[in-house]
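For reference, the structure discussed in these notes is given below.
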Amino acid sequence: MLKTVGLVRSGVVARGVLQTGGRTARAGGLHRSILSTPQRSFWVTCRPLSARSVGCGSNAKSLTRCVNSTLSSCSANPMMALRRVASVASTASGPGASTAAAAAAGAAGAASPTVRRVVGAWWVGLAGMCYGAIVIGGVTRLTESGLSMVDWDIIRGIKPPRTQEEWEAAFGRYQEFPEYKISNKDMTLEEFKFIFHMEYGHRMWGRAIGLFFLLPVAAFAARGWLSALGASRKVAVVGAMIGGQGLLGWYMVKSGLDERNFQDAHSVPRVSQYRLAAHLGAAFAIYAVALWNGMQLLLPTPAALADPRARLVRKLAHSTAGLVFFTVLSGALVAGLDAGLVYNTWPKMADRWVPTDILAHSPWYRNFTENATTVQFDHRVLGQTTFLLTSALWLAARRAKLSPRARLASHAVLGLACVQVTLGISTLLHFVPVHLAASHQAGAVALFSGALWLLRELPK
């Protein structure tokens, strides 16, 4: 006799596990419906907490009807857990268990891929929004627009100045801070409007990312999709990272508004290069998590690596992704110090391989983060090392037995590295024009993405 207790009329099946004995349990705010036989039992997690009981007979027809009733009661989108229902039902005693299992498996196969595609596409969309924020943020820095908005308000900051009086008031507030007093005394209202719109666009893009995250997450949670995919904790972590990124952005801007930071006669008002690097690094981290989760759901699961040479490729891919990230942080220091403008020759710096002022600051360790010459030198070295590493990665991938997708990813990484080196050198030789520098930053994201894709195709 198969008996069903605690069936719930709406919600989504989250997962099923083997248990002993028939009972109804509550845990974590969810209702667990137990299907039991003399030998086996399993439960189905459903929402909300409204229950009813149904008895199941032992013949094939009634058993099939009972299992189908259980599944349809839980949701129109039963998803992953229905496979559990099928696997457990197939071990249940009594005629017709296999028929019920087949019905459950068919329902699961129809729903689960759809949910994976929807949530996976959302993850990739979130990564795309982060990509856009990184590029827009780079343009905002390159146009020296980041200090134009001297207030930070989540709600009132949504409304930009519209009337002449509002624009004059905003310009008046900007004139109270160091950038105007030291660098932009001759700025007109029309010029201020341009830099204001740049920073406003960057901030509004950040708010759009917040909405793109929160609204789908609320819908997914209501349907139980996050629990079913085991993604609740990941989503909570990413949400915290996005919220922290907004606060970190304002913390960065504040460093450029504080007059105490620019008491020296040669000071140039700008944000702290340390905070800029932290802000950019956090953006890359959010992007990486979102892209990785999207690939996990959308791409087919690759086979385990059998060739020892493929394991070497995986190690090199890990090193490449890490070195790209570290080079990006170095690039943030370059941007924060305007270090791209101190030596605009290549491959030498002026007529030397190592410039004479590379250790001009004291103590010596300050040079690596505060000396524009040293910062540019380090970025050059890191960029060229990254290119050599991607070349070694590509050569190792050629010799290893890889899947077609992994081999394609290795080609993509090398190609993106070539483009990125070309953009970096061009940006330097042309004195950091906005379009080339922004493309260079976008290229860094693309190269990082390629390394992550290759890692996804090379499982342990």
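By order of appearance in the structure tokens: chains A, B, ..., then residues from 1 within every chain, and ligands from 1 in the order shown.
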Give me, as a tab-separated table, the closest atom pair and its distance (Å, one decimal) for every residue of stretch 154-217 of chain A within a cut-off of 9 Å of stretch 241-246 of chain A, counting only C-alpha atoms, rows sorted by chain and rising number.
residue	atom	partner	partner_atom	distance
A:Arg203	CA	A:Gly246	CA	8.7
A:Gly206	CA	A:Gly246	CA	7.4
A:Arg207	CA	A:Gly246	CA	8.6
A:Ile209	CA	A:Ile242	CA	8.2
A:Gly210	CA	A:Ile242	CA	7.1
A:Phe213	CA	A:Ile242	CA	8.8
Give me a file of those residues, with N, CA and C atoms, as an mmCIF file, in the first residue's frame.
data_model
loop_
_atom_site.group_PDB
_atom_site.id
_atom_site.type_symbol
_atom_site.label_atom_id
_atom_site.label_comp_id
_atom_site.auth_asym_id
_atom_site.auth_seq_id
_atom_site.Cartn_x
_atom_site.Cartn_y
_atom_site.Cartn_z
ATOM 1 N N ARG A 203 25.751 55.996 -12.643
ATOM 2 C CA ARG A 203 24.997 55.681 -11.423
ATOM 3 C C ARG A 203 23.656 55.037 -11.757
ATOM 4 N N GLY A 206 24.076 51.478 -12.572
ATOM 5 C CA GLY A 206 24.205 50.690 -11.353
ATOM 6 C C GLY A 206 22.852 50.392 -10.726
ATOM 7 N N ARG A 207 21.959 51.370 -10.688
ATOM 8 C CA ARG A 207 20.613 51.129 -10.159
ATOM 9 C C ARG A 207 19.863 50.122 -11.025
ATOM 10 N N ILE A 209 21.172 47.674 -12.630
ATOM 11 C CA ILE A 209 21.678 46.353 -12.267
ATOM 12 C C ILE A 209 20.964 45.850 -11.018
ATOM 13 N N GLY A 210 20.763 46.741 -10.041
ATOM 14 C CA GLY A 210 20.047 46.350 -8.838
ATOM 15 C C GLY A 210 18.648 45.848 -9.133
ATOM 16 N N PHE A 213 18.620 42.548 -10.883
ATOM 17 C CA PHE A 213 18.872 41.459 -9.941
ATOM 18 C C PHE A 213 17.632 41.167 -9.083
#
Near A:Ser272, counting only C-alpha atoms, which residues have an atom at most 10 Å away, once you skip same-chain residues fewer than 6 positions from it, shown as a list in words? Tyr251, Met252, Val253, Lys254, Ser255, Gly256, Asn261, Ala278, Leu333, Gly336 and Leu337 of chain A
Give the helix (DSSP H, G or I) residues of stretch 232-370 of chain A, as assigned by DSSP on the backbone, as a short mmCIF file (atom, residue, chain, number, x, y, z; two decimals) with N, CA, C and O atoms, in the first residue's frame.
data_model
loop_
_atom_site.label_atom_id
_atom_site.label_comp_id
_atom_site.auth_asym_id
_atom_site.auth_seq_id
_atom_site.Cartn_x
_atom_site.Cartn_y
_atom_site.Cartn_z
N SER A 232 20.03 29.36 -3.85
CA SER A 232 19.60 30.42 -2.92
C SER A 232 20.79 31.12 -2.28
O SER A 232 20.85 32.35 -2.19
N ARG A 233 21.77 30.35 -1.82
CA ARG A 233 22.92 30.95 -1.15
C ARG A 233 23.76 31.76 -2.13
O ARG A 233 24.24 32.85 -1.80
N LYS A 234 23.95 31.24 -3.34
CA LYS A 234 24.72 31.98 -4.34
C LYS A 234 24.07 33.32 -4.63
O LYS A 234 24.75 34.35 -4.72
N VAL A 235 22.76 33.31 -4.80
CA VAL A 235 22.04 34.54 -5.12
C VAL A 235 22.16 35.54 -3.97
O VAL A 235 22.34 36.74 -4.20
N ALA A 236 22.07 35.06 -2.74
CA ALA A 236 22.19 35.96 -1.59
C ALA A 236 23.57 36.60 -1.55
O ALA A 236 23.71 37.80 -1.27
N VAL A 237 24.61 35.82 -1.84
CA VAL A 237 25.97 36.35 -1.83
C VAL A 237 26.14 37.40 -2.92
O VAL A 237 26.71 38.48 -2.68
N VAL A 238 25.64 37.12 -4.12
CA VAL A 238 25.77 38.08 -5.22
C VAL A 238 24.98 39.35 -4.89
O VAL A 238 25.43 40.47 -5.19
N GLY A 239 23.80 39.21 -4.28
CA GLY A 239 23.03 40.38 -3.89
C GLY A 239 23.80 41.26 -2.91
O GLY A 239 23.81 42.50 -3.04
N ALA A 240 24.46 40.62 -1.94
CA ALA A 240 25.28 41.38 -0.99
C ALA A 240 26.44 42.07 -1.70
O ALA A 240 26.81 43.21 -1.38
N MET A 241 27.04 41.38 -2.69
CA MET A 241 28.16 41.97 -3.43
C MET A 241 27.70 43.19 -4.23
O MET A 241 28.41 44.21 -4.29
N ILE A 242 26.53 43.11 -4.84
CA ILE A 242 26.01 44.23 -5.62
C ILE A 242 25.72 45.43 -4.71
O ILE A 242 26.07 46.58 -5.03
N GLY A 243 25.09 45.17 -3.56
CA GLY A 243 24.83 46.25 -2.63
C GLY A 243 26.12 46.87 -2.11
O GLY A 243 26.26 48.10 -2.03
N GLY A 244 27.10 46.02 -1.78
CA GLY A 244 28.39 46.54 -1.32
C GLY A 244 29.12 47.32 -2.39
O GLY A 244 29.83 48.29 -2.08
N GLN A 245 28.91 46.94 -3.65
CA GLN A 245 29.58 47.65 -4.74
C GLN A 245 29.08 49.09 -4.85
O GLN A 245 29.85 50.01 -5.13
N GLY A 246 27.79 49.29 -4.64
CA GLY A 246 27.26 50.65 -4.65
C GLY A 246 27.87 51.50 -3.55
O GLY A 246 28.27 52.66 -3.78
N LEU A 247 27.98 50.94 -2.35
CA LEU A 247 28.58 51.67 -1.24
C LEU A 247 30.06 51.93 -1.50
O LEU A 247 30.59 53.02 -1.20
N LEU A 248 30.74 50.94 -2.08
CA LEU A 248 32.15 51.11 -2.39
C LEU A 248 32.37 52.21 -3.43
O LEU A 248 33.35 52.96 -3.37
N GLY A 249 31.44 52.32 -4.39
CA GLY A 249 31.54 53.37 -5.39
C GLY A 249 31.48 54.76 -4.77
O GLY A 249 32.27 55.65 -5.14
N TRP A 250 30.54 54.94 -3.83
CA TRP A 250 30.46 56.25 -3.18
C TRP A 250 31.67 56.50 -2.29
O TRP A 250 32.19 57.62 -2.21
N TYR A 251 32.15 55.46 -1.61
CA TYR A 251 33.35 55.58 -0.79
C TYR A 251 34.54 56.03 -1.65
O TYR A 251 35.38 56.83 -1.21
N MET A 252 34.60 55.53 -2.88
CA MET A 252 35.65 55.94 -3.81
C MET A 252 35.49 57.41 -4.19
O MET A 252 36.46 58.18 -4.15
N VAL A 253 34.27 57.81 -4.53
CA VAL A 253 34.03 59.20 -4.95
C VAL A 253 34.36 60.17 -3.82
O VAL A 253 34.94 61.25 -4.05
N LYS A 254 34.04 59.81 -2.59
CA LYS A 254 34.30 60.69 -1.46
C LYS A 254 35.78 61.04 -1.33
O LYS A 254 36.13 62.14 -0.89
N SER A 255 36.66 60.11 -1.75
CA SER A 255 38.09 60.39 -1.64
C SER A 255 38.51 61.53 -2.55
O SER A 255 39.53 62.19 -2.28
N GLU A 259 38.91 67.87 0.66
CA GLU A 259 39.97 68.84 0.43
C GLU A 259 41.26 68.48 1.17
O GLU A 259 42.35 68.89 0.75
N ARG A 260 41.16 67.72 2.25
CA ARG A 260 42.35 67.35 3.01
C ARG A 260 43.31 66.47 2.20
O ARG A 260 44.49 66.38 2.53
N ASN A 261 42.79 65.83 1.15
CA ASN A 261 43.63 64.96 0.32
C ASN A 261 44.43 65.73 -0.72
O ASN A 261 45.24 65.14 -1.43
N PHE A 262 44.20 67.05 -0.81
CA PHE A 262 44.83 67.82 -1.90
C PHE A 262 45.43 69.11 -1.37
O PHE A 262 45.28 70.18 -1.95
N GLN A 273 43.47 55.94 -5.95
CA GLN A 273 43.74 54.81 -6.85
C GLN A 273 43.49 53.48 -6.14
O GLN A 273 43.15 52.48 -6.79
N TYR A 274 43.64 53.46 -4.83
CA TYR A 274 43.38 52.23 -4.08
C TYR A 274 41.89 51.89 -4.10
O TYR A 274 41.49 50.74 -4.32
N ARG A 275 41.07 52.89 -3.87
CA ARG A 275 39.62 52.67 -3.87
C ARG A 275 39.11 52.39 -5.28
O ARG A 275 38.18 51.61 -5.46
N LEU A 276 39.74 53.02 -6.28
CA LEU A 276 39.37 52.73 -7.66
C LEU A 276 39.67 51.28 -8.01
O LEU A 276 38.85 50.58 -8.64
N ALA A 277 40.83 50.79 -7.58
CA ALA A 277 41.19 49.39 -7.83
C ALA A 277 40.22 48.44 -7.12
O ALA A 277 39.82 47.41 -7.68
N ALA A 278 39.85 48.79 -5.89
CA ALA A 278 38.89 47.95 -5.15
C ALA A 278 37.54 47.93 -5.85
O ALA A 278 36.88 46.88 -5.97
N HIS A 279 37.09 49.09 -6.34
CA HIS A 279 35.80 49.19 -7.03
C HIS A 279 35.80 48.37 -8.32
O HIS A 279 34.85 47.63 -8.60
N LEU A 280 36.87 48.48 -9.09
CA LEU A 280 36.95 47.72 -10.34
C LEU A 280 37.09 46.23 -10.05
O LEU A 280 36.47 45.40 -10.73
N GLY A 281 37.90 45.87 -9.07
CA GLY A 281 38.06 44.46 -8.72
C GLY A 281 36.76 43.83 -8.28
O GLY A 281 36.44 42.69 -8.65
N ALA A 282 35.96 44.57 -7.49
CA ALA A 282 34.66 44.05 -7.06
C ALA A 282 33.72 43.87 -8.25
O ALA A 282 32.96 42.89 -8.31
N ALA A 283 33.77 44.79 -9.20
CA ALA A 283 32.93 44.66 -10.40
C ALA A 283 33.30 43.40 -11.18
O ALA A 283 32.43 42.66 -11.66
N PHE A 284 34.59 43.14 -11.32
CA PHE A 284 35.04 41.93 -12.01
C PHE A 284 34.62 40.68 -11.25
O PHE A 284 34.27 39.66 -11.87
N ALA A 285 34.65 40.73 -9.93
CA ALA A 285 34.24 39.57 -9.14
C ALA A 285 32.77 39.25 -9.34
O ALA A 285 32.38 38.09 -9.53
N ILE A 286 31.92 40.27 -9.31
CA ILE A 286 30.48 40.06 -9.53
C ILE A 286 30.26 39.51 -10.94
O ILE A 286 29.47 38.58 -11.14
N TYR A 287 30.96 40.10 -11.90
CA TYR A 287 30.83 39.63 -13.29
C TYR A 287 31.22 38.16 -13.41
O TYR A 287 30.52 37.37 -14.05
N ALA A 288 32.32 37.78 -12.77
CA ALA A 288 32.81 36.41 -12.87
C ALA A 288 31.81 35.42 -12.26
O ALA A 288 31.53 34.37 -12.85
N VAL A 289 31.26 35.76 -11.10
CA VAL A 289 30.31 34.86 -10.44
C VAL A 289 29.06 34.70 -11.30
O VAL A 289 28.54 33.58 -11.49
N ALA A 290 28.55 35.80 -11.83
CA ALA A 290 27.34 35.74 -12.65
C ALA A 290 27.57 34.94 -13.93
O ALA A 290 26.76 34.08 -14.31
N LEU A 291 28.69 35.21 -14.60
CA LEU A 291 28.97 34.50 -15.85
C LEU A 291 29.18 33.01 -15.59
O LEU A 291 28.68 32.16 -16.35
N TRP A 292 29.90 32.67 -14.53
CA TRP A 292 30.16 31.26 -14.23
C TRP A 292 28.86 30.51 -13.94
O TRP A 292 28.65 29.40 -14.45
N ASN A 293 27.98 31.10 -13.15
CA ASN A 293 26.71 30.44 -12.85
C ASN A 293 25.86 30.30 -14.11
O ASN A 293 25.16 29.28 -14.27
N GLY A 294 25.90 31.30 -14.97
CA GLY A 294 25.16 31.19 -16.22
C GLY A 294 25.69 30.06 -17.10
O GLY A 294 24.91 29.28 -17.67
N MET A 295 27.00 29.94 -17.20
CA MET A 295 27.59 28.86 -18.00
C MET A 295 27.27 27.50 -17.40
O MET A 295 27.04 26.53 -18.13
N GLN A 296 27.25 27.40 -16.07
CA GLN A 296 26.94 26.13 -15.41
C GLN A 296 25.55 25.63 -15.79
O GLN A 296 25.32 24.43 -15.90
N LEU A 297 24.61 26.56 -15.98
CA LEU A 297 23.24 26.16 -16.29
C LEU A 297 22.98 26.00 -17.79
O LEU A 297 22.13 25.20 -18.19
N LEU A 298 23.68 26.77 -18.60
CA LEU A 298 23.36 26.80 -20.03
C LEU A 298 24.22 25.87 -20.87
O LEU A 298 23.75 25.35 -21.89
N PRO A 308 46.46 13.46 -19.11
CA PRO A 308 47.25 14.25 -18.15
C PRO A 308 47.65 15.61 -18.69
O PRO A 308 47.76 16.58 -17.93
N ARG A 309 47.84 15.72 -20.00
CA ARG A 309 48.21 17.00 -20.59
C ARG A 309 47.06 18.00 -20.50
O ARG A 309 47.28 19.21 -20.44
N ALA A 310 45.84 17.49 -20.47
CA ALA A 310 44.68 18.37 -20.32
C ALA A 310 44.64 18.98 -18.92
O ALA A 310 44.18 20.12 -18.74
N ARG A 311 45.13 18.23 -17.94
CA ARG A 311 45.19 18.78 -16.58
C ARG A 311 46.18 19.94 -16.51
O ARG A 311 45.98 20.91 -15.77
N LEU A 312 47.27 19.84 -17.27
CA LEU A 312 48.22 20.96 -17.36
C LEU A 312 47.54 22.17 -17.97
O LEU A 312 47.75 23.31 -17.51
N VAL A 313 46.74 21.95 -18.99
CA VAL A 313 46.01 23.06 -19.62
C VAL A 313 45.10 23.73 -18.59
O VAL A 313 44.99 24.96 -18.54
N ARG A 314 44.44 22.92 -17.76
CA ARG A 314 43.56 23.50 -16.74
C ARG A 314 44.35 24.36 -15.75
O ARG A 314 43.91 25.45 -15.38
N LYS A 315 45.52 23.89 -15.33
CA LYS A 315 46.34 24.68 -14.42
C LYS A 315 46.77 26.00 -15.07
O LYS A 315 46.75 27.06 -14.43
N LEU A 316 47.14 25.93 -16.35
CA LEU A 316 47.52 27.15 -17.05
C LEU A 316 46.34 28.09 -17.22
O LEU A 316 46.49 29.32 -17.14
N ALA A 317 45.15 27.53 -17.44
CA ALA A 317 43.94 28.36 -17.56
C ALA A 317 43.65 29.07 -16.24
O ALA A 317 43.26 30.25 -16.22
N HIS A 318 43.79 28.36 -15.12
CA HIS A 318 43.64 28.98 -13.81
C HIS A 318 44.62 30.13 -13.64
O HIS A 318 44.25 31.24 -13.20
N SER A 319 45.87 29.89 -13.99
CA SER A 319 46.90 30.92 -13.85
C SER A 319 46.60 32.11 -14.74
O SER A 319 46.80 33.27 -14.33
N THR A 320 46.11 31.84 -15.95
CA THR A 320 45.79 32.92 -16.88
C THR A 320 44.67 33.80 -16.33
O THR A 320 44.76 35.03 -16.35
N ALA A 321 43.59 33.18 -15.84
CA ALA A 321 42.48 33.95 -15.29
C ALA A 321 42.95 34.80 -14.11
O ALA A 321 42.59 35.98 -13.99
N GLY A 322 43.77 34.20 -13.23
CA GLY A 322 44.28 34.95 -12.08
C GLY A 322 45.18 36.10 -12.49
O GLY A 322 45.09 37.21 -11.94
N LEU A 323 46.03 35.87 -13.48
CA LEU A 323 46.95 36.92 -13.92
C LEU A 323 46.20 38.04 -14.64
O LEU A 323 46.54 39.22 -14.48
N VAL A 324 45.19 37.70 -15.41
CA VAL A 324 44.37 38.73 -16.05
C VAL A 324 43.73 39.62 -14.99
O VAL A 324 43.72 40.85 -15.10
N PHE A 325 43.18 39.00 -13.95
CA PHE A 325 42.54 39.77 -12.88
C PHE A 325 43.56 40.69 -12.19
O PHE A 325 43.28 41.87 -11.93
N PHE A 326 44.73 40.17 -11.91
CA PHE A 326 45.75 40.97 -11.26
C PHE A 326 46.21 42.11 -12.17
O PHE A 326 46.47 43.24 -11.70
N THR A 327 46.30 41.85 -13.47
CA THR A 327 46.68 42.90 -14.42
C THR A 327 45.61 43.98 -14.49
O THR A 327 45.91 45.17 -14.66
N VAL A 328 44.35 43.58 -14.37
CA VAL A 328 43.24 44.55 -14.34
C VAL A 328 43.39 45.49 -13.15
O VAL A 328 43.21 46.71 -13.26
N LEU A 329 43.71 44.92 -11.98
CA LEU A 329 43.91 45.77 -10.80
C LEU A 329 45.08 46.72 -11.01
O LEU A 329 45.03 47.90 -10.60
N SER A 330 46.13 46.24 -11.68
CA SER A 330 47.25 47.12 -12.01
C SER A 330 46.79 48.24 -12.95
O SER A 330 47.22 49.40 -12.81
N GLY A 331 45.92 47.90 -13.90
CA GLY A 331 45.39 48.91 -14.80
C GLY A 331 44.57 49.97 -14.07
O GLY A 331 44.57 51.15 -14.47
N ALA A 332 43.89 49.58 -12.99
CA ALA A 332 43.14 50.55 -12.20
C ALA A 332 44.09 51.55 -11.54
O ALA A 332 43.79 52.75 -11.44
N LEU A 333 45.26 51.07 -11.09
CA LEU A 333 46.25 51.99 -10.54
C LEU A 333 46.77 52.95 -11.61
O LEU A 333 46.99 54.14 -11.35
N VAL A 334 46.96 52.43 -12.82
CA VAL A 334 47.38 53.28 -13.94
C VAL A 334 46.35 54.38 -14.18
O VAL A 334 46.69 55.57 -14.32
N ALA A 335 45.08 53.99 -14.21
CA ALA A 335 44.02 54.98 -14.44
C ALA A 335 43.93 55.98 -13.30
O ALA A 335 43.75 57.18 -13.52
N GLY A 336 44.06 55.49 -12.07
CA GLY A 336 43.93 56.38 -10.92
C GLY A 336 45.02 57.41 -10.82
O GLY A 336 44.81 58.51 -10.29
N LEU A 337 46.22 57.10 -11.34
CA LEU A 337 47.35 58.03 -11.28
C LEU A 337 47.60 58.72 -12.62
O LEU A 337 48.59 59.47 -12.74
N ALA A 339 48.78 57.34 -15.08
CA ALA A 339 50.13 56.87 -15.39
C ALA A 339 50.30 56.53 -16.87
O ALA A 339 51.45 56.34 -17.32
N GLY A 340 49.22 56.44 -17.61
CA GLY A 340 49.34 56.17 -19.04
C GLY A 340 49.92 57.33 -19.83
O GLY A 340 50.22 57.18 -21.02
N LEU A 341 50.09 58.47 -19.17
CA LEU A 341 50.56 59.66 -19.88
C LEU A 341 52.02 60.00 -19.58
O LEU A 341 52.53 61.02 -20.07
N TRP A 364 60.68 52.70 -0.41
CA TRP A 364 60.70 52.12 -1.76
C TRP A 364 59.37 51.48 -2.15
O TRP A 364 58.97 51.50 -3.32
N TYR A 365 58.65 50.88 -1.19
CA TYR A 365 57.44 50.13 -1.54
C TYR A 365 56.30 51.03 -1.99
O TYR A 365 55.36 50.58 -2.64
N ARG A 366 56.36 52.31 -1.67
CA ARG A 366 55.31 53.23 -2.14
C ARG A 366 55.32 53.39 -3.65
O ARG A 366 54.31 53.75 -4.25
N ASN A 367 56.47 53.13 -4.26
CA ASN A 367 56.57 53.29 -5.72
C ASN A 367 55.60 52.39 -6.47
O ASN A 367 55.11 52.77 -7.54
N PHE A 368 55.31 51.22 -5.92
CA PHE A 368 54.49 50.25 -6.65
C PHE A 368 53.02 50.66 -6.74
O PHE A 368 52.29 50.13 -7.57
N THR A 369 52.60 51.61 -5.92
CA THR A 369 51.19 52.04 -5.97
C THR A 369 51.03 53.55 -6.09
O THR A 369 49.93 54.02 -6.37
N GLU A 370 52.13 54.32 -5.91
CA GLU A 370 52.00 55.78 -5.92
C GLU A 370 52.93 56.49 -6.90
O GLU A 370 52.77 57.70 -7.12
#
Near-A:Val150 list (8 Å; only C-alpha atoms; drop same-chain fewer than 6 positions) as an MDAnalysis selection string: chainID A and resid 173:174 257
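Counting only C-alpha atoms and comparing A:Tyr343, A:Gly415, A:Asp307, A:Thr374, the residue that lies closest to A:Asp357 is A:Thr374.
Distances from A:Asn371, A:Ser439, A:Gly383, A:Gly450 to A:Ala409 were compared using only C-alpha atoms, and the smallest one belongs to A:Gly450.
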